[in-house]
file query_34.cif (mmCIF, C-alpha atoms)
data_start
#
loop_
_atom_site.label_atom_id
_atom_site.label_comp_id
_atom_site.auth_asym_id
_atom_site.auth_seq_id
_atom_site.Cartn_x
_atom_site.Cartn_y
_atom_site.Cartn_z
CA MET A 1 41.01 2.78 69.51
CA ASN A 2 41.21 2.16 65.80
CA LEU A 3 42.26 5.71 65.02
CA ASP A 4 43.72 5.97 61.54
CA LYS A 5 44.07 9.73 61.26
CA LEU A 6 43.72 12.90 63.36
CA VAL A 7 45.01 16.03 61.63
CA VAL A 8 44.46 19.80 61.66
CA VAL A 9 44.02 21.36 58.20
CA PHE A 10 43.76 25.12 57.55
CA ASP A 11 41.57 26.68 54.86
CA SER A 12 44.49 28.89 53.79
CA PRO A 13 46.66 26.95 51.29
CA THR A 14 49.74 28.64 52.77
CA ASP A 15 48.70 28.33 56.46
CA THR A 16 49.12 32.11 56.65
CA TYR A 17 46.84 34.77 58.15
CA TYR A 18 46.98 38.45 58.97
CA ALA A 19 46.65 39.62 62.57
CA GLY A 20 42.97 40.55 63.01
CA GLN A 21 41.71 37.83 60.65
CA ASN A 22 39.73 34.67 61.31
CA VAL A 23 41.76 31.46 61.35
CA THR A 24 39.57 28.76 59.83
CA GLY A 25 39.99 25.10 59.01
CA GLN A 26 38.99 21.57 59.92
CA VAL A 27 39.98 18.83 62.30
CA GLN A 28 39.82 15.66 60.25
CA LEU A 29 39.21 12.40 62.07
CA LEU A 30 39.28 9.02 60.30
CA LEU A 31 37.91 6.01 62.18
CA MET A 32 38.21 2.40 61.11
CA GLY A 33 35.21 1.38 63.22
CA PRO A 34 32.44 2.87 65.42
CA LYS A 35 33.88 4.54 68.51
CA LYS A 36 32.96 6.59 71.56
CA ILE A 37 34.64 9.87 72.45
CA ARG A 38 34.20 12.26 75.38
CA SER A 39 35.13 15.42 73.52
CA LEU A 40 37.11 16.95 70.68
CA GLN A 41 38.72 20.20 71.78
CA ILE A 42 40.56 22.83 69.73
CA LYS A 43 43.11 25.22 71.28
CA PHE A 44 44.87 28.22 69.71
CA VAL A 45 48.14 29.44 71.24
CA GLY A 46 50.52 32.26 70.34
CA LYS A 47 53.74 32.49 72.30
CA GLY A 48 57.31 33.77 72.16
CA GLU A 49 60.45 32.23 73.61
CA VAL A 50 64.13 33.17 73.82
CA LYS A 51 67.07 31.07 74.95
CA TRP A 52 70.85 31.40 74.70
CA SER A 53 73.94 30.57 76.74
CA GLU A 54 76.99 32.59 77.76
CA GLN A 55 80.29 31.85 79.47
CA VAL A 56 80.26 33.95 82.66
CA LYS A 57 82.91 34.47 85.32
CA ILE A 58 81.35 33.72 88.72
CA GLU A 59 82.76 35.63 91.67
CA GLY A 60 85.01 33.46 93.77
CA ARG A 61 85.57 30.88 91.01
CA THR A 62 88.50 30.48 88.68
CA GLN A 63 86.66 28.85 85.77
CA LEU A 64 83.97 30.25 83.52
CA GLU A 65 80.48 28.86 84.02
CA ASN A 66 77.95 28.28 81.26
CA ILE A 67 74.76 30.22 82.06
CA VAL A 68 71.57 29.61 80.06
CA TYR A 69 69.31 32.66 79.79
CA SER A 70 65.68 32.20 78.86
CA ASP A 71 62.26 33.83 78.84
CA ASP A 72 58.83 33.32 77.35
CA GLU A 73 55.53 35.14 77.01
CA GLU A 74 52.04 34.39 75.72
CA TYR A 75 50.19 36.63 73.24
CA TYR A 76 47.04 34.70 72.51
CA THR A 77 45.16 31.65 73.76
CA PHE A 78 41.65 30.44 72.96
CA LYS A 79 39.98 27.03 73.20
CA TYR A 80 36.57 25.44 72.87
CA ASN A 81 34.91 22.09 72.19
CA LEU A 82 34.23 21.06 68.63
CA ALA A 83 32.28 17.99 69.70
CA GLY A 84 31.10 16.39 72.93
CA GLY A 85 32.09 17.73 76.32
CA GLY A 86 30.68 17.43 79.81
CA ASN A 87 29.88 13.98 81.18
CA SER A 88 28.25 12.63 78.03
CA GLU A 89 29.80 10.41 75.38
CA LEU A 90 29.56 10.85 71.64
CA HIS A 91 29.13 7.82 69.39
CA LEU A 92 30.86 8.17 66.02
CA PRO A 93 30.39 5.75 63.10
CA PRO A 94 33.37 4.58 61.04
CA GLY A 95 34.65 6.77 58.25
CA GLN A 96 35.83 10.34 57.78
CA HIS A 97 34.59 13.03 60.18
CA ASN A 98 35.37 16.70 59.56
CA PHE A 99 34.90 19.29 62.32
CA SER A 100 35.17 22.92 61.22
CA PHE A 101 36.81 25.49 63.50
CA ALA A 102 37.24 29.27 63.48
CA ALA A 103 38.89 31.80 65.78
CA CYS A 104 39.50 35.53 65.41
CA LEU A 105 43.07 36.73 65.89
CA PRO A 106 43.55 39.99 67.83
CA PRO A 107 44.73 42.83 65.52
CA GLY A 108 47.82 43.71 67.56
CA LEU A 109 49.60 40.35 67.55
CA PRO A 110 53.35 40.25 66.86
CA ALA A 111 54.30 38.58 63.59
CA SER A 112 55.53 35.01 63.40
CA PHE A 113 59.31 34.96 63.70
CA GLU A 114 62.08 32.33 63.77
CA GLY A 115 65.61 33.17 64.89
CA ASP A 116 68.75 31.51 66.24
CA ARG A 117 67.97 32.53 69.83
CA GLY A 118 64.19 32.59 69.88
CA PHE A 119 60.88 32.60 68.07
CA VAL A 120 57.28 33.80 67.94
CA ARG A 121 54.96 30.92 66.96
CA TYR A 122 51.26 30.30 66.56
CA SER A 123 49.72 26.84 66.74
CA VAL A 124 46.41 24.97 66.79
CA THR A 125 46.12 21.75 68.80
CA ALA A 126 43.23 19.31 68.55
CA THR A 127 42.71 17.04 71.58
CA LEU A 128 40.53 13.93 71.29
CA GLU A 129 39.49 12.61 74.72
CA ARG A 130 38.30 9.02 74.90
CA PRO A 131 36.67 7.09 77.76
CA TRP A 132 39.10 4.73 79.49
CA ASN A 133 41.89 5.60 77.04
CA SER A 134 44.65 8.14 76.69
CA SER A 135 43.96 11.30 74.69
CA GLU A 136 45.09 11.76 71.09
CA TYR A 137 46.67 15.02 69.90
CA ALA A 138 47.31 16.75 66.58
CA THR A 139 49.13 20.10 66.28
CA ALA A 140 49.61 22.40 63.29
CA ILE A 141 51.61 25.63 63.04
CA PHE A 142 50.26 28.67 61.18
CA THR A 143 51.96 31.93 60.24
CA VAL A 144 50.76 35.36 61.36
CA ILE A 145 51.63 38.44 59.32
CA SER A 146 51.34 41.85 60.98
CA PRO A 147 51.73 44.54 58.27
CA ILE A 148 53.98 47.57 58.72
CA ASP A 149 52.51 50.57 56.88
CA LEU A 150 55.20 53.24 56.53
CA ASN A 151 52.51 55.86 55.86
CA TYR A 152 51.52 55.71 59.54
CA ASN A 153 55.06 56.29 60.82
CA PRO A 154 56.00 60.00 60.68
CA LEU A 155 59.62 59.24 61.55
CA ALA A 156 59.91 57.06 58.45
CA LYS A 157 59.03 60.03 56.22
CA ALA A 158 61.60 62.43 57.69
CA PRO A 159 64.82 63.14 55.76
CA VAL A 160 68.08 62.07 57.39
CA HIS A 161 71.28 64.09 57.44
CA MET A 162 74.14 62.98 59.68
CA ASP A 163 77.78 64.01 59.95
CA VAL A 164 80.57 62.69 62.16
CA GLU A 165 84.23 63.59 62.41
CA LYS A 166 87.36 62.69 64.31
CA SER A 167 90.99 63.73 64.57
CA PHE A 168 94.03 61.48 64.86
CA CYS A 169 96.98 61.88 67.19
CA CYS A 170 100.55 60.85 66.52
CA CYS A 171 102.92 61.43 69.44
CA TRP A 172 102.14 65.02 70.47
CA CYS A 173 100.71 66.10 67.12
CA ARG A 174 96.99 66.27 66.41
CA SER A 175 95.80 66.08 62.81
CA GLY A 176 92.99 67.94 61.12
CA PRO A 177 89.55 66.33 61.16
CA LEU A 178 88.28 63.46 59.03
CA GLN A 179 84.61 64.23 58.31
CA LEU A 180 81.93 61.91 56.95
CA VAL A 181 78.48 63.14 55.87
CA LEU A 182 75.54 60.91 54.91
CA ALA A 183 72.09 61.96 53.68
CA ILE A 184 69.03 60.01 52.53
CA PRO A 185 65.62 61.45 51.49
CA HIS A 186 63.73 59.48 54.15
CA SER A 187 64.32 56.53 56.45
CA GLY A 188 61.35 54.31 55.54
CA TRP A 189 61.70 51.70 52.79
CA VAL A 190 60.22 48.46 51.50
CA PRO A 191 62.28 45.38 50.52
CA GLY A 192 63.00 45.43 46.81
CA GLN A 193 63.58 49.20 46.73
CA ALA A 194 67.01 50.88 46.68
CA ILE A 195 68.15 53.59 49.09
CA PRO A 196 69.65 56.65 47.31
CA LEU A 197 72.70 57.68 49.32
CA THR A 198 74.57 60.99 49.25
CA LEU A 199 77.99 60.63 50.86
CA GLU A 200 80.81 63.09 51.42
CA LEU A 201 84.21 62.28 52.85
CA ASP A 202 86.54 65.19 53.64
CA ASN A 203 89.98 64.06 54.79
CA ALA A 204 91.81 67.00 56.37
CA SER A 205 93.84 64.57 58.47
CA ASN A 206 97.26 63.06 57.83
CA VAL A 207 95.85 59.51 57.71
CA THR A 208 94.86 57.64 54.55
CA VAL A 209 91.30 56.36 54.26
CA THR A 210 91.63 53.02 52.46
CA ASN A 211 87.90 52.63 51.65
CA LEU A 212 84.39 53.57 52.72
CA ILE A 213 82.00 50.71 53.58
CA VAL A 214 78.23 51.22 53.74
CA LYS A 215 75.94 48.46 55.02
CA LEU A 216 72.28 47.82 55.65
CA GLU A 217 71.95 45.53 58.67
CA LYS A 218 69.18 43.78 60.54
CA VAL A 219 69.61 44.22 64.30
CA LEU A 220 68.12 41.58 66.60
CA ASP A 221 67.88 42.27 70.33
CA TRP A 222 67.09 39.36 72.65
CA LYS A 223 65.95 39.90 76.26
CA ALA A 224 65.65 37.39 79.09
CA ARG A 225 64.74 37.48 82.78
CA ASN A 226 65.87 34.01 83.87
CA PRO A 227 67.97 33.26 85.85
CA GLN A 228 68.58 37.03 85.91
CA PRO A 229 67.91 39.95 83.53
CA ASN A 230 70.20 39.92 80.50
CA GLN A 231 70.16 40.82 76.82
CA CYS A 232 72.28 40.26 73.74
CA ARG A 233 72.41 41.59 70.19
CA ASP A 234 72.98 40.01 66.78
CA ARG A 235 73.59 41.86 63.53
CA VAL A 236 72.87 40.42 60.09
CA GLU A 237 74.24 42.07 56.93
CA LEU A 238 71.57 42.56 54.26
CA SER A 239 73.35 44.75 51.70
CA LYS A 240 76.79 46.31 51.27
CA LEU A 241 78.67 48.93 49.22
CA THR A 242 82.44 49.39 49.17
CA LEU A 243 83.69 52.75 47.88
CA PRO A 244 87.27 53.91 47.18
CA GLY A 245 89.34 55.66 49.83
CA VAL A 246 90.64 59.21 50.17
CA GLU A 247 94.24 60.36 50.56
CA PRO A 248 95.26 62.89 53.26
CA GLY A 249 94.11 66.37 52.28
CA GLY A 250 91.60 65.04 49.72
CA SER A 251 87.83 64.78 49.57
CA LYS A 252 85.26 62.81 47.60
CA SER A 253 81.50 62.68 47.24
CA TRP A 254 79.21 59.93 45.95
CA CYS A 255 75.60 59.44 44.92
CA GLN A 256 74.95 55.71 45.18
CA LEU A 257 72.02 53.30 45.33
CA LEU A 258 72.06 50.69 48.09
CA PRO A 259 69.70 47.85 47.08
CA ILE A 260 67.41 46.35 49.71
CA PRO A 261 67.06 42.60 49.19
CA SER A 262 63.64 40.93 49.19
CA VAL A 263 63.69 39.93 52.85
CA ALA A 264 60.79 39.35 55.23
CA THR A 265 59.99 42.18 57.64
CA PHE A 266 58.63 41.53 61.12
CA ASN A 267 56.33 43.67 63.21
CA LEU A 268 57.35 42.74 66.77
CA ASP A 269 56.06 45.86 68.52
CA GLN A 270 53.99 43.80 70.96
CA CYS A 271 56.85 41.38 71.71
CA THR A 272 58.92 42.36 74.75
CA ILE A 273 61.63 39.70 74.48
CA ILE A 274 62.63 40.06 70.79
CA ASN A 275 63.16 43.28 68.88
CA CYS A 276 63.92 43.45 65.15
CA SER A 277 65.20 46.77 63.79
CA TYR A 278 67.33 47.95 60.88
CA ALA A 279 70.36 50.22 60.64
CA LEU A 280 72.35 51.92 57.91
CA THR A 281 76.04 52.03 58.87
CA ALA A 282 78.95 53.80 57.21
CA LYS A 283 82.60 53.16 58.09
CA ALA A 284 85.65 55.03 56.86
CA VAL A 285 88.46 52.47 57.15
CA VAL A 286 91.79 54.10 58.01
CA GLY A 287 95.29 52.69 57.91
CA GLY A 288 97.81 52.18 60.69
CA CYS A 289 96.83 51.66 64.29
CA HIS A 290 94.06 54.27 64.22
CA THR A 291 90.40 53.47 64.87
CA ASN A 292 87.92 53.81 62.03
CA LEU A 293 85.36 56.59 61.71
CA THR A 294 81.85 55.14 61.90
CA MET A 295 78.23 56.25 61.95
CA GLU A 296 74.88 54.50 62.29
CA VAL A 297 71.45 55.67 61.11
CA PRO A 298 68.21 53.83 62.05
CA VAL A 299 65.98 52.95 59.10
CA PHE A 300 62.53 51.40 58.92
CA LEU A 301 61.61 48.49 56.65
CA GLY A 302 57.89 47.99 56.11
CA THR A 303 55.40 46.04 54.05
CA VAL A 304 53.41 49.01 52.67
CA PRO A 305 55.43 51.75 50.89
CA PHE A 306 54.69 55.46 50.83
CA TYR A 307 51.89 56.39 48.44
CA GLU A 308 50.78 59.63 46.86
CA ALA A 309 48.80 61.91 49.15
CA GLY A 310 45.44 63.37 48.13
CA PRO A 311 44.51 67.05 47.91
CA THR A 312 44.65 67.35 51.70
CA ASP A 313 48.13 65.75 51.89
CA ALA A 314 46.63 63.16 54.22
CA PRO A 315 45.55 59.86 52.65
CA SER A 316 42.15 58.65 53.78
CA ALA A 317 42.99 54.94 53.74
CA PRO A 318 46.08 52.83 53.10
CA PRO A 319 46.27 50.67 49.99
CA PRO A 320 45.94 46.97 50.73
CA PRO A 321 49.14 44.90 50.67
CA THR A 322 49.28 42.38 47.86
CA ASN A 323 47.95 38.93 48.62
CA ALA A 324 49.57 37.26 45.64
CA SER A 325 52.20 35.64 47.86
CA ILE A 326 49.64 34.64 50.47
CA GLY A 327 47.27 32.69 48.21
CA PHE A 328 43.88 33.70 49.57
CA ASN A 329 41.57 36.70 49.71
CA LEU A 330 41.84 39.10 52.64
CA ASP A 331 39.39 41.54 54.17
CA ALA A 332 41.19 44.90 54.29
CA SER A 333 38.93 46.10 57.12
CA GLN A 334 40.64 43.61 59.45
CA TRP A 335 44.20 44.78 58.93
CA CYS A 336 46.14 46.69 61.56
CA TYR A 337 49.24 48.83 61.11
CA PRO A 338 51.15 49.37 64.37
CA SER A 339 53.58 52.28 64.48
CA MET A 340 57.31 52.24 65.15
CA THR A 341 59.11 54.55 67.56
CA THR A 342 62.89 54.65 67.00
CA PRO A 343 63.92 58.22 67.98
CA LEU A 344 65.43 60.78 65.62
CA LEU A 345 66.67 64.20 66.67
CA PRO A 346 65.75 67.36 64.71
CA THR A 347 68.58 69.20 62.96
CA GLN A 348 68.83 72.18 60.70
CA ASN A 349 68.69 69.94 57.62
CA GLY A 350 66.01 67.49 58.76
CA PHE A 351 66.52 64.73 61.30
CA ARG A 352 69.49 62.75 62.56
CA ALA A 353 69.73 59.53 64.51
CA ALA A 354 69.84 59.71 68.31
CA GLN A 355 73.27 58.83 69.62
#
call {"tool": "encode", "arguments": {"input": "query_34.cif", "output": "structure tokens"}}
result
Amino acid sequence: MNLDKLVVVFDSPTDTYYAGQNVTGQVQLLLMGPKKIRSLQIKFVGKGEVKWSEQVKIEGRTQLENIVYSDDEEYYTFKYNLAGGGNSELHLPPGQHNFSFAACLPPGLPASFEGDRGFVRYSVTATLERPWNSSEYATAIFTVISPIDLNYNPLAKAPVHMDVEKSFCCCWCRSGPLQLVLAIPHSGWVPGQAIPLTLELDNASNVTVTNLIVKLEKVLDWKARNPQPNQCRDRVELSKLTLPGVEPGGSKSWCQLLPIPSVATFNLDQCTIINCSYALTAKAVVGGCHTNLTMEVPVFLGTVPFYEAGPTDAPSAPPPPTNASIGFNLDASQWCYPSMTTPLLPTQNGFRAAQ
């Protein structure tokens, strides 16, 4: 077949759509001469996959064995004929032929995601079936954004106050406690903002604290069922503060801003094999052979920040996220805002992270 071109082209200039929107575009077919086809089919697929390997000690063997763990799941599939079908044949003249397509995305889809151990991807494949010839294929990837509106997550609005302490032993002597306190006004933020931190470090021990390190980290959890259930975790540093230490018997307090870089956030609530969360960690680094004092607070990063409440303290509708970076107009009535459910425990001063 004199087939010069078969491509899938989206109407969005950035190939990006919100969950709940219509994905629209064209399958463009260029023929050098008149041809017959059986059908032109379009298929939409959304799927997630994970895969990684580990060195595992197998019982009864002396050497480690490399085990590959994997899993996959499907979130969305839809197909139909753009032209032809059945037992008939379609005669096409030479030249350019454009076939428009459209499909509505479900509102609860997980966002597109690419990672070292897995991904969530959405694609459109056009299949051209020809009589007495092999089929021709064209595939294009599009991006799905699933907004995270912090206004619909009550845990993100709650203040956080956490304190941890430990004592150090030397021979038979036990020192006084080293106490670290961290407070933030709420745990929900949007990239580009800065988290105001209140920190207190009270060193009643006999060990020197060399410095205090505060980090914002992205936490990726990967889950697989093949060849057997397993999971692993990766942590990615997004932002970091290093504060001076405290001598034995001393104490210090700080009010600092921890900037949140302009990173992409991913709503993966409906994905069971990949989880993306965020954590604020603080570590008091101590000298000698002692272990450091650490704490971890879950935080939420979203795409829609908190906004001012009306007279009833309950906003009637969320403001639309900006579409400047997307490049096309969006219908706000089609957006969805899934909630997030990382647990916090109530305390006298607000909420603290579950241990």
call {"tool": "resolve_selection", "arguments": {"input": "query_34.cif", "expression": "the PyMOL selection byres ((chain A and resi 145) around 9)", "output": "PDB file with C-alpha atoms, keeping the file's coordinate frame"}}
result
ATOM      1  CA  THR A  16      49.120  32.110  56.650  1.00  0.00           C
ATOM      2  CA  TYR A  17      46.840  34.770  58.150  1.00  0.00           C
ATOM      3  CA  TYR A  18      46.980  38.450  58.970  1.00  0.00           C
ATOM      4  CA  ALA A  19      46.650  39.620  62.570  1.00  0.00           C
ATOM      5  CA  LEU A 109      49.600  40.350  67.550  1.00  0.00           C
ATOM      6  CA  PRO A 110      53.350  40.250  66.860  1.00  0.00           C
ATOM      7  CA  ALA A 111      54.300  38.580  63.590  1.00  0.00           C
ATOM      8  CA  SER A 112      55.530  35.010  63.400  1.00  0.00           C
ATOM      9  CA  THR A 143      51.960  31.930  60.240  1.00  0.00           C
ATOM     10  CA  VAL A 144      50.760  35.360  61.360  1.00  0.00           C
ATOM     11  CA  SER A 146      51.340  41.850  60.980  1.00  0.00           C
ATOM     12  CA  PRO A 147      51.730  44.540  58.270  1.00  0.00           C
ATOM     13  CA  PHE A 266      58.630  41.530  61.120  1.00  0.00           C
ATOM     14  CA  ASN A 267      56.330  43.670  63.210  1.00  0.00           C
TER      15      ASN A 267
END
call {"tool": "atom_distance", "arguments": {"input": "query_34.cif", "atom1": "atom CA of Phe44 of chain A", "atom2": "atom CA of Ala103 of chain A"}}
result
8.0 Å
call {"tool": "residues_around", "arguments": {"input": "query_34.cif", "residues": "Leu105 of chain A", "least_positions_apart": "6", "cutoff": "7 Å", "atoms": "all atoms listed in the file", "output": "list in words"}}
result
Ala19, Gly20, Gln21 and Asn22 of chain A
call {"tool": "closest_residue", "arguments": {"input": "query_34.cif", "among": "A:Leu182, A:Ile141, A:Val27, A:Ala83", "to": "Thr14 of chain A", "atoms": "only C-alpha atoms"}}
result
A:Ile141
call {"tool": "residues_near_point", "arguments": {"input": "query_34.cif", "point": "(56.0, 39.8, 70.3)", "cutoff": "9 Å", "atoms": "all atoms listed in the file", "output": "PyMOL selection string"}}
result
chain A and resi 47-48+73-75+109-113+119-120+267-275
call {"tool": "closest_residue", "arguments": {"input": "query_34.cif", "among": "A:Gly250, A:Leu258, A:Val164, A:Gln179", "to": "Met295 of chain A", "atoms": "all atoms listed in the file"}}
result
A:Val164
call {"tool": "resolve_selection", "arguments": {"input": "query_34.cif", "expression": "the PyMOL selection byres ((chain A and resi 85) around 10)", "output": "ChimeraX atom specification"}}
result
/A:37-41,80-84,86-90,129
call {"tool": "axis_aligned_box", "arguments": {"input": "query_34.cif", "around": "segment 295-298 of chain A", "padding_each_side": "5 Å", "output": "AutoDock Vina command-line options"}}
result
--center_x 73.2 --center_y 55.0 --center_z 61.7 --size_x 20.0 --size_y 12.4 --size_z 11.2
call {"tool": "atom_distance", "arguments": {"input": "query_34.cif", "atom1": "atom CA of Phe99 of chain A", "atom2": "atom CA of Asn133 of chain A"}}
result
21.3 Å
call {"tool": "closest_residue", "arguments": {"input": "query_34.cif", "among": "A:Lys36, A:Ala194, A:Val263, A:Tyr307", "to": "Leu92 of chain A", "atoms": "only C-alpha atoms"}}
result
A:Lys36
call {"tool": "closest_residue", "arguments": {"input": "query_34.cif", "among": "A:Gln256, A:Asn153, A:Gln28, A:Thr127", "to": "Leu241 of chain A", "atoms": "only C-alpha atoms"}}
result
A:Gln256
call {"tool": "decode", "arguments": {"input": "query_34.cif", "residues": "segment 266-275 of chain A", "atoms": "all heavy atoms", "output": "PDB file, in the first residue's frame"}}
result
ATOM      1  N   PHE A 266       1.269  14.953  41.785  1.00  0.00           N
ATOM      2  CA  PHE A 266       0.580  13.855  41.110  1.00  0.00           C
ATOM      3  C   PHE A 266      -0.521  13.292  42.002  1.00  0.00           C
ATOM      4  O   PHE A 266      -0.254  12.870  43.125  1.00  0.00           O
ATOM      5  CB  PHE A 266       1.576  12.743  40.753  1.00  0.00           C
ATOM      6  CG  PHE A 266       2.737  13.212  39.929  1.00  0.00           C
ATOM      7  CD1 PHE A 266       3.944  13.539  40.537  1.00  0.00           C
ATOM      8  CD2 PHE A 266       2.625  13.344  38.561  1.00  0.00           C
ATOM      9  CE1 PHE A 266       5.020  13.979  39.780  1.00  0.00           C
ATOM     10  CE2 PHE A 266       3.702  13.780  37.801  1.00  0.00           C
ATOM     11  CZ  PHE A 266       4.897  14.108  38.410  1.00  0.00           C
ATOM     12  N   ASN A 267      -1.730  13.293  41.472  1.00  0.00           N
ATOM     13  CA  ASN A 267      -2.849  12.669  42.157  1.00  0.00           C
ATOM     14  C   ASN A 267      -2.918  11.216  41.714  1.00  0.00           C
ATOM     15  O   ASN A 267      -3.389  10.908  40.615  1.00  0.00           O
ATOM     16  CB  ASN A 267      -4.147  13.401  41.823  1.00  0.00           C
ATOM     17  CG  ASN A 267      -5.319  12.889  42.652  1.00  0.00           C
ATOM     18  OD1 ASN A 267      -5.281  11.797  43.198  1.00  0.00           O
ATOM     19  ND2 ASN A 267      -6.366  13.689  42.740  1.00  0.00           N
ATOM     20  N   LEU A 268      -2.437  10.307  42.574  1.00  0.00           N
ATOM     21  CA  LEU A 268      -2.416   8.884  42.262  1.00  0.00           C
ATOM     22  C   LEU A 268      -3.320   8.104  43.202  1.00  0.00           C
ATOM     23  O   LEU A 268      -3.078   6.922  43.481  1.00  0.00           O
ATOM     24  CB  LEU A 268      -0.980   8.351  42.339  1.00  0.00           C
ATOM     25  CG  LEU A 268       0.023   8.972  41.364  1.00  0.00           C
ATOM     26  CD1 LEU A 268       1.418   8.427  41.609  1.00  0.00           C
ATOM     27  CD2 LEU A 268      -0.403   8.737  39.917  1.00  0.00           C
ATOM     28  N   ASP A 269      -4.403   8.743  43.674  1.00  0.00           N
ATOM     29  CA  ASP A 269      -5.306   8.085  44.608  1.00  0.00           C
ATOM     30  C   ASP A 269      -5.899   6.800  44.042  1.00  0.00           C
ATOM     31  O   ASP A 269      -6.123   5.834  44.777  1.00  0.00           O
ATOM     32  CB  ASP A 269      -6.447   9.032  45.000  1.00  0.00           C
ATOM     33  CG  ASP A 269      -5.988  10.114  45.963  1.00  0.00           C
ATOM     34  OD1 ASP A 269      -4.818  10.069  46.378  1.00  0.00           O
ATOM     35  OD2 ASP A 269      -6.799  10.999  46.299  1.00  0.00           O
ATOM     36  N   GLN A 270      -6.176   6.774  42.747  1.00  0.00           N
ATOM     37  CA  GLN A 270      -6.799   5.610  42.137  1.00  0.00           C
ATOM     38  C   GLN A 270      -5.780   4.617  41.577  1.00  0.00           C
ATOM     39  O   GLN A 270      -6.169   3.661  40.902  1.00  0.00           O
ATOM     40  CB  GLN A 270      -7.747   6.060  41.020  1.00  0.00           C
ATOM     41  CG  GLN A 270      -8.844   7.007  41.483  1.00  0.00           C
ATOM     42  CD  GLN A 270      -9.660   6.424  42.619  1.00  0.00           C
ATOM     43  OE1 GLN A 270     -10.064   5.262  42.570  1.00  0.00           O
ATOM     44  NE2 GLN A 270      -9.919   7.224  43.639  1.00  0.00           N
ATOM     45  N   CYS A 271      -4.516   4.836  41.855  1.00  0.00           N
ATOM     46  CA  CYS A 271      -3.454   3.906  41.448  1.00  0.00           C
ATOM     47  C   CYS A 271      -3.061   3.070  42.655  1.00  0.00           C
ATOM     48  O   CYS A 271      -2.718   3.621  43.706  1.00  0.00           O
ATOM     49  CB  CYS A 271      -2.258   4.687  40.901  1.00  0.00           C
ATOM     50  SG  CYS A 271      -0.845   3.654  40.445  1.00  0.00           S
ATOM     51  N   THR A 272      -3.104   1.747  42.526  1.00  0.00           N
ATOM     52  CA  THR A 272      -2.806   0.869  43.656  1.00  0.00           C
ATOM     53  C   THR A 272      -1.370   0.358  43.672  1.00  0.00           C
ATOM     54  O   THR A 272      -0.962  -0.293  44.625  1.00  0.00           O
ATOM     55  CB  THR A 272      -3.759  -0.339  43.655  1.00  0.00           C
ATOM     56  OG1 THR A 272      -3.502  -1.157  42.504  1.00  0.00           O
ATOM     57  CG2 THR A 272      -5.218   0.108  43.642  1.00  0.00           C
ATOM     58  N   ILE A 273      -0.597   0.645  42.627  1.00  0.00           N
ATOM     59  CA  ILE A 273       0.762   0.113  42.563  1.00  0.00           C
ATOM     60  C   ILE A 273       1.825   1.202  42.739  1.00  0.00           C
ATOM     61  O   ILE A 273       2.998   0.885  42.928  1.00  0.00           O
ATOM     62  CB  ILE A 273       0.995  -0.646  41.244  1.00  0.00           C
ATOM     63  CG1 ILE A 273       0.717   0.245  40.030  1.00  0.00           C
ATOM     64  CG2 ILE A 273       0.147  -1.899  41.193  1.00  0.00           C
ATOM     65  CD1 ILE A 273       0.988  -0.418  38.689  1.00  0.00           C
ATOM     66  N   ILE A 274       1.435   2.472  42.673  1.00  0.00           N
ATOM     67  CA  ILE A 274       2.361   3.589  42.899  1.00  0.00           C
ATOM     68  C   ILE A 274       1.684   4.585  43.827  1.00  0.00           C
ATOM     69  O   ILE A 274       0.525   4.949  43.616  1.00  0.00           O
ATOM     70  CB  ILE A 274       2.744   4.304  41.581  1.00  0.00           C
ATOM     71  CG1 ILE A 274       3.295   3.321  40.552  1.00  0.00           C
ATOM     72  CG2 ILE A 274       3.772   5.402  41.853  1.00  0.00           C
ATOM     73  CD1 ILE A 274       3.511   3.933  39.177  1.00  0.00           C
ATOM     74  N   ASN A 275       2.400   5.015  44.840  1.00  0.00           N
ATOM     75  CA  ASN A 275       1.890   6.059  45.725  1.00  0.00           C
ATOM     76  C   ASN A 275       2.940   7.161  45.838  1.00  0.00           C
ATOM     77  O   ASN A 275       4.124   6.888  46.050  1.00  0.00           O
ATOM     78  CB  ASN A 275       1.589   5.502  47.120  1.00  0.00           C
ATOM     79  CG  ASN A 275       1.013   6.564  48.034  1.00  0.00           C
ATOM     80  OD1 ASN A 275      -0.064   7.100  47.792  1.00  0.00           O
ATOM     81  ND2 ASN A 275       1.736   6.896  49.095  1.00  0.00           N
TER      82      ASN A 275
END
